[in-house]
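Trainee: So that we are looking at the same thing, I have put the structure below in structure tokens.
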Amino acid sequence: MSLRELVVLGTSSAVPTRHRNHNGYLLRWDGQGFLFDPGEGTQRQMIRAGVGSHDITWICVTHFHGDHCLGVPGVVQRIARDGVTHEVRAAYPAAGETYWRRLRHASAFADTSVIVECPVSGPVATFDAGPVALTARPLSHPVESYGYRLDEPDGRRMVPSLLAERGIRGPSVGELQRTGTVTAPDGTTVRLEECSEPRPGQSAAFVMDTRLCDGVFALAAGVDLLVIESTFLSSEAALAKEYGHLTAFDCGRVAAECGVRQLVLTHFSERYGPADEPSFLEEVRRSFDGEVVPARDLMRVPVPRRG
């Protein structure tokens with residue numbers, strides 16, 4: 001049975017607070033586990049959330065500011081200690097190779113050979129990630145930063161009434177799905193298109209530290225789930241622009257213009273506490289009327305069901 005959910009491991013920007021750990025997000029998708037931006041404390045947050053190193057198949061780092069990567073050493077060493085045997089691919093900005101090497105080998109430990117580096121560069125990079133394509137695009141931040149997007153291929157959905165009309169049942173349904181044609185009981189050839197309808201693939205995007213830029217909108221276009229930094233409220237818009245961040249209002253604008261189905265706000269400045277959550281929702285609602293989730297540590301957010 002497929003599982004598609006976001007496990008929120010941390011939601012603070014810059015520094016952790018009493019209520020929020022550094023960044024960390026595990027997107028579980030049909031047996032794959034995409035760990036985005038493991039900040040300090042991610043290893044312990046994973047234990048608290050009930051997920052483990054064996055759940056990770058990708059480590060995706062947007063950039064090399066500490067709140068987005070200081071958890072890498074602990075996660076890598078836990079993968080080694082736990083004897084993970086499957087390949088774990090690591091995507092990160094190629095310009096930060098020096099930082100990656102320092103994090104990857106931050107201390108002495110019995111190393112593992114399962115980590116496979118996939119440095120990202122250029123205007124777009126795409127990787128085959130099992131059930132999805134993983135795409136990275138540059139963002140606008142004081143250091144080189146990339147956002148990520150997952151896209152499931154389009155498929156087809158079987159229509160029971162059409163199958164019944166042609167007498168296709170039992171093992172023949174599976175054969176029709178696998179091969180595209182099957183012989184009906186009356187001897188005629190039935191094509192897959194005659195008994196099914198298009199099923200758009202699902203998608204998710206992860207947008208961290210950035211100003212508004214083309215990359216943000218390209219990553220977010222039409223996604224079912226958008227996890228996006230909402231570091232400031234609009235009262236700090238000038239500060240957000242100076243330091244390369246988004247406001248809650250910016251997030252609502254992106255979601256509305258891109259047709260996002262579900263918006264998850266995170267990466268909150270330490271100046272905001274739980275009591276400020278309504279203010280973030282209010283700003284988003286000025287332009288976006290879809291589903292909005294202000295992220296909290298250890299929250300689980302299911303990927304929306306197909307529309």
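A note on labels: chains of the structure tokens are A, B, ... as shown, every chain counts residues from 1, and ligands are counted from 1 in their shown order.
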Find the residues around range 149-160 of chain A up to 7 Å (only C-alpha atoms counted), leave out those fewer than 3 positions away in its own chain, and share them as a short mmCIF file (atom, residue, chain, number, x, y, z; two decimals) with all heavy atoms, in the first residue's frame.
Mentor:
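Output contents, as saved in selection.cif:
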data_model
loop_
_atom_site.label_atom_id
_atom_site.label_comp_id
_atom_site.auth_asym_id
_atom_site.auth_seq_id
_atom_site.Cartn_x
_atom_site.Cartn_y
_atom_site.Cartn_z
N PRO A 131 9.75 6.21 -8.20
CA PRO A 131 8.39 6.50 -8.68
C PRO A 131 8.18 7.92 -9.15
O PRO A 131 7.11 8.25 -9.66
CB PRO A 131 7.52 6.20 -7.45
CG PRO A 131 8.42 6.50 -6.29
CD PRO A 131 9.80 6.05 -6.74
N VAL A 132 9.18 8.78 -8.99
CA VAL A 132 9.04 10.18 -9.37
C VAL A 132 10.30 10.67 -10.06
O VAL A 132 11.36 10.05 -9.99
CB VAL A 132 8.77 11.09 -8.14
CG1 VAL A 132 7.46 10.73 -7.46
CG2 VAL A 132 9.93 11.01 -7.15
N ALA A 133 10.16 11.82 -10.73
CA ALA A 133 11.32 12.56 -11.21
C ALA A 133 11.59 13.66 -10.20
O ALA A 133 10.68 14.35 -9.75
CB ALA A 133 11.04 13.16 -12.58
N LEU A 134 12.86 13.82 -9.82
CA LEU A 134 13.26 14.86 -8.88
C LEU A 134 13.96 15.96 -9.66
O LEU A 134 14.96 15.72 -10.33
CB LEU A 134 14.21 14.28 -7.82
CG LEU A 134 14.79 15.28 -6.81
CD1 LEU A 134 13.69 15.83 -5.91
CD2 LEU A 134 15.88 14.62 -5.97
N THR A 135 13.41 17.17 -9.58
CA THR A 135 13.95 18.31 -10.32
C THR A 135 14.44 19.39 -9.35
O THR A 135 13.77 19.67 -8.36
CB THR A 135 12.87 18.90 -11.25
OG1 THR A 135 12.42 17.90 -12.16
CG2 THR A 135 13.42 20.08 -12.05
N ALA A 136 15.57 19.98 -9.66
CA ALA A 136 16.11 21.07 -8.86
C ALA A 136 16.22 22.32 -9.72
O ALA A 136 16.64 22.25 -10.88
CB ALA A 136 17.49 20.69 -8.30
N LEU A 163 -14.76 -1.83 -18.31
CA LEU A 163 -14.22 -3.20 -18.27
C LEU A 163 -15.35 -4.21 -18.35
O LEU A 163 -15.26 -5.21 -19.08
CB LEU A 163 -13.42 -3.41 -16.98
CG LEU A 163 -12.09 -2.66 -16.85
CD1 LEU A 163 -11.58 -2.73 -15.42
CD2 LEU A 163 -11.05 -3.25 -17.81
N ALA A 164 -16.43 -3.94 -17.61
CA ALA A 164 -17.57 -4.87 -17.60
C ALA A 164 -18.21 -4.96 -18.97
O ALA A 164 -18.62 -6.05 -19.41
CB ALA A 164 -18.59 -4.42 -16.55
N CYS A 195 -10.78 1.21 -21.89
CA CYS A 195 -11.33 0.84 -20.58
C CYS A 195 -10.74 1.66 -19.45
O CYS A 195 -10.82 1.26 -18.28
CB CYS A 195 -11.08 -0.65 -20.30
SG CYS A 195 -11.89 -1.77 -21.47
N SER A 196 -10.13 2.78 -19.79
CA SER A 196 -9.50 3.58 -18.75
C SER A 196 -9.62 5.06 -19.10
O SER A 196 -10.08 5.42 -20.19
CB SER A 196 -8.02 3.19 -18.62
OG SER A 196 -7.31 3.48 -19.82
N GLU A 197 -9.18 5.90 -18.16
CA GLU A 197 -9.18 7.34 -18.37
C GLU A 197 -7.86 7.90 -17.85
O GLU A 197 -7.20 7.28 -17.01
CB GLU A 197 -10.36 7.99 -17.65
CG GLU A 197 -10.36 7.77 -16.15
CD GLU A 197 -11.61 8.30 -15.49
OE1 GLU A 197 -12.59 8.62 -16.19
OE2 GLU A 197 -11.63 8.40 -14.24
N PRO A 198 -7.44 9.07 -18.34
CA PRO A 198 -6.17 9.64 -17.88
C PRO A 198 -6.16 9.90 -16.38
O PRO A 198 -7.18 10.31 -15.80
CB PRO A 198 -6.05 10.95 -18.67
CG PRO A 198 -6.92 10.74 -19.86
CD PRO A 198 -8.06 9.89 -19.40
N ARG A 199 -5.01 9.66 -15.75
CA ARG A 199 -4.83 9.94 -14.33
C ARG A 199 -3.57 10.79 -14.17
O ARG A 199 -2.45 10.29 -14.29
CB ARG A 199 -4.66 8.64 -13.54
CG ARG A 199 -4.58 8.83 -12.03
CD ARG A 199 -3.95 7.62 -11.36
NE ARG A 199 -2.56 7.45 -11.76
CZ ARG A 199 -1.80 6.41 -11.44
NH1 ARG A 199 -2.32 5.42 -10.76
NH2 ARG A 199 -0.53 6.34 -11.83
N PRO A 200 -3.74 12.09 -13.93
CA PRO A 200 -2.57 12.95 -13.78
C PRO A 200 -1.70 12.51 -12.61
O PRO A 200 -2.21 12.11 -11.55
CB PRO A 200 -3.17 14.34 -13.53
CG PRO A 200 -4.58 14.24 -14.04
CD PRO A 200 -5.00 12.83 -13.81
N GLY A 201 -0.39 12.57 -12.79
CA GLY A 201 0.51 12.24 -11.70
C GLY A 201 0.48 13.30 -10.61
O GLY A 201 0.18 14.47 -10.87
N GLN A 202 0.79 12.91 -9.38
CA GLN A 202 0.84 13.85 -8.28
C GLN A 202 2.22 14.51 -8.20
O GLN A 202 3.19 14.01 -8.76
CB GLN A 202 0.51 13.15 -6.96
CG GLN A 202 -0.96 12.79 -6.84
CD GLN A 202 -1.32 12.40 -5.41
OE1 GLN A 202 -0.84 11.41 -4.88
NE2 GLN A 202 -2.16 13.19 -4.78
N SER A 203 2.29 15.61 -7.47
CA SER A 203 3.54 16.36 -7.41
C SER A 203 3.66 17.07 -6.07
O SER A 203 2.67 17.33 -5.38
CB SER A 203 3.62 17.37 -8.55
OG SER A 203 2.49 18.23 -8.53
N ALA A 204 4.90 17.36 -5.71
CA ALA A 204 5.18 18.12 -4.49
C ALA A 204 6.41 18.98 -4.73
O ALA A 204 7.28 18.62 -5.53
CB ALA A 204 5.42 17.17 -3.31
N ALA A 205 6.49 20.11 -4.04
CA ALA A 205 7.65 21.00 -4.19
C ALA A 205 8.11 21.46 -2.82
O ALA A 205 7.33 21.58 -1.88
CB ALA A 205 7.31 22.20 -5.07
N PHE A 206 9.41 21.73 -2.75
CA PHE A 206 10.05 22.14 -1.51
C PHE A 206 10.87 23.40 -1.82
O PHE A 206 11.87 23.35 -2.52
CB PHE A 206 10.95 21.01 -1.01
CG PHE A 206 11.58 21.27 0.32
CD1 PHE A 206 10.88 21.05 1.49
CD2 PHE A 206 12.88 21.74 0.41
CE1 PHE A 206 11.46 21.29 2.73
CE2 PHE A 206 13.47 21.98 1.63
CZ PHE A 206 12.76 21.75 2.80
N LEU A 219 8.87 25.86 -9.73
CA LEU A 219 8.81 24.72 -8.83
C LEU A 219 7.39 24.48 -8.32
O LEU A 219 6.96 23.34 -8.15
CB LEU A 219 9.76 24.93 -7.65
CG LEU A 219 11.25 24.86 -7.96
CD1 LEU A 219 12.06 25.48 -6.83
CD2 LEU A 219 11.69 23.42 -8.20
#
Trainee: Mind checking which residues fall within 6 Å of range 286-289 of chain A, counting only C-alpha atoms, ignoring those fewer than 2 positions away in the same chain, and posting them as a list of chain:residue names?
Mentor: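 Once the nearby chain positions are removed, what remains is A:Gly252, A:Arg253, A:Ala256, A:Glu283, A:Val284.
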Trainee: Got a sec: who's within 9 Å of Pro73 in chain A, counting only C-alpha atoms, leaving out chain neighbours fewer than 2 positions off, as a ChimeraX atom specification?
Mentor: /A:69-71,75-78,102-107
Trainee: Suppose we keep C-alpha atoms; can you now write the selection as a CSV table (one decimal), in the first residue's frame?
Mentor:
chain,number,residue,atom,x,y,z
A,69,CYS,CA,22.6,21.3,6.8
A,70,LEU,CA,24.1,20.9,10.3
A,71,GLY,CA,22.2,17.7,10.8
A,75,VAL,CA,22.2,11.5,9.7
A,76,VAL,CA,25.1,10.2,7.6
A,77,GLN,CA,26.7,8.6,10.6
A,78,ARG,CA,23.4,7.1,11.7
A,102,ARG,CA,33.2,18.9,5.6
A,103,LEU,CA,29.8,17.7,6.7
A,104,ARG,CA,30.0,14.3,5.1
A,105,HIS,CA,33.3,13.6,7.0
A,106,ALA,CA,32.8,15.8,10.0
A,107,SER,CA,34.2,13.3,12.5
Trainee: Between A:Met299, A:Ala248, A:Val116, A:Val216, which one has atoms that come closest to Gly10 in chain A, using only C-alpha atoms?
Mentor: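 Going through A:Met299, A:Ala248, A:Val116, A:Val216 one by one, the smallest distance to Gly10 in chain A is for A:Met299.
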Trainee: Rank nothing, just name the residue among A:Leu225, A:Val72, A:Ala14, A:Ile59 nearest to His245 in chain A, using only C-alpha atoms.
Mentor: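 For His245 in chain A, the nearest of the given residues is A:Ala14.
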Trainee: Could you find all residues in range 14-255 of chain A that DSSP calls helix (DSSP H, G or I) from the backbone, and write them as a ChimeraX atom specification?
Mentor: /A:42-49,53-55,66-68,72-81,94-104,160-166,171-179,192-194,214-220,234-243,248-255
Trainee: Find the spatial neighbours of Asp82 in chain A, counting only C-alpha atoms, within a cut-off of 12 Å - ignore same-chain residues fewer than 5 positions away - and output them as a PyMOL selection string.
Mentor: chain A and resi 52-56+74-77+110-112+114
Trainee: Return the single residue from A:Gly130, A:Asp37, A:Gly96, A:Cys118 that is closest to Ser13 in chain A, with distances computed using only C-alpha atoms.
Mentor: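 Closest to Ser13 in chain A of all the choices is A:Asp37.
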Trainee: As a count of residues only, which residues of range 103-295 of chain A does DSSP assign to strand (DSSP E or B)?
Mentor: 60
Trainee: So the first atom is CA of Thr62 in chain A and the second is CA of His86 in chain A; what is the distance between them in Å, to one decimal place?
Mentor: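 Computing it gives 22.9 Å between the two atoms.
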Trainee: What separation in Å, quoted to one decimal, exists between CA of Val8 in chain A and CA of Leu281 in chain A?
Mentor: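 Pair CA of Val8 in chain A / CA of Leu281 in chain A returns 18.4 Å.
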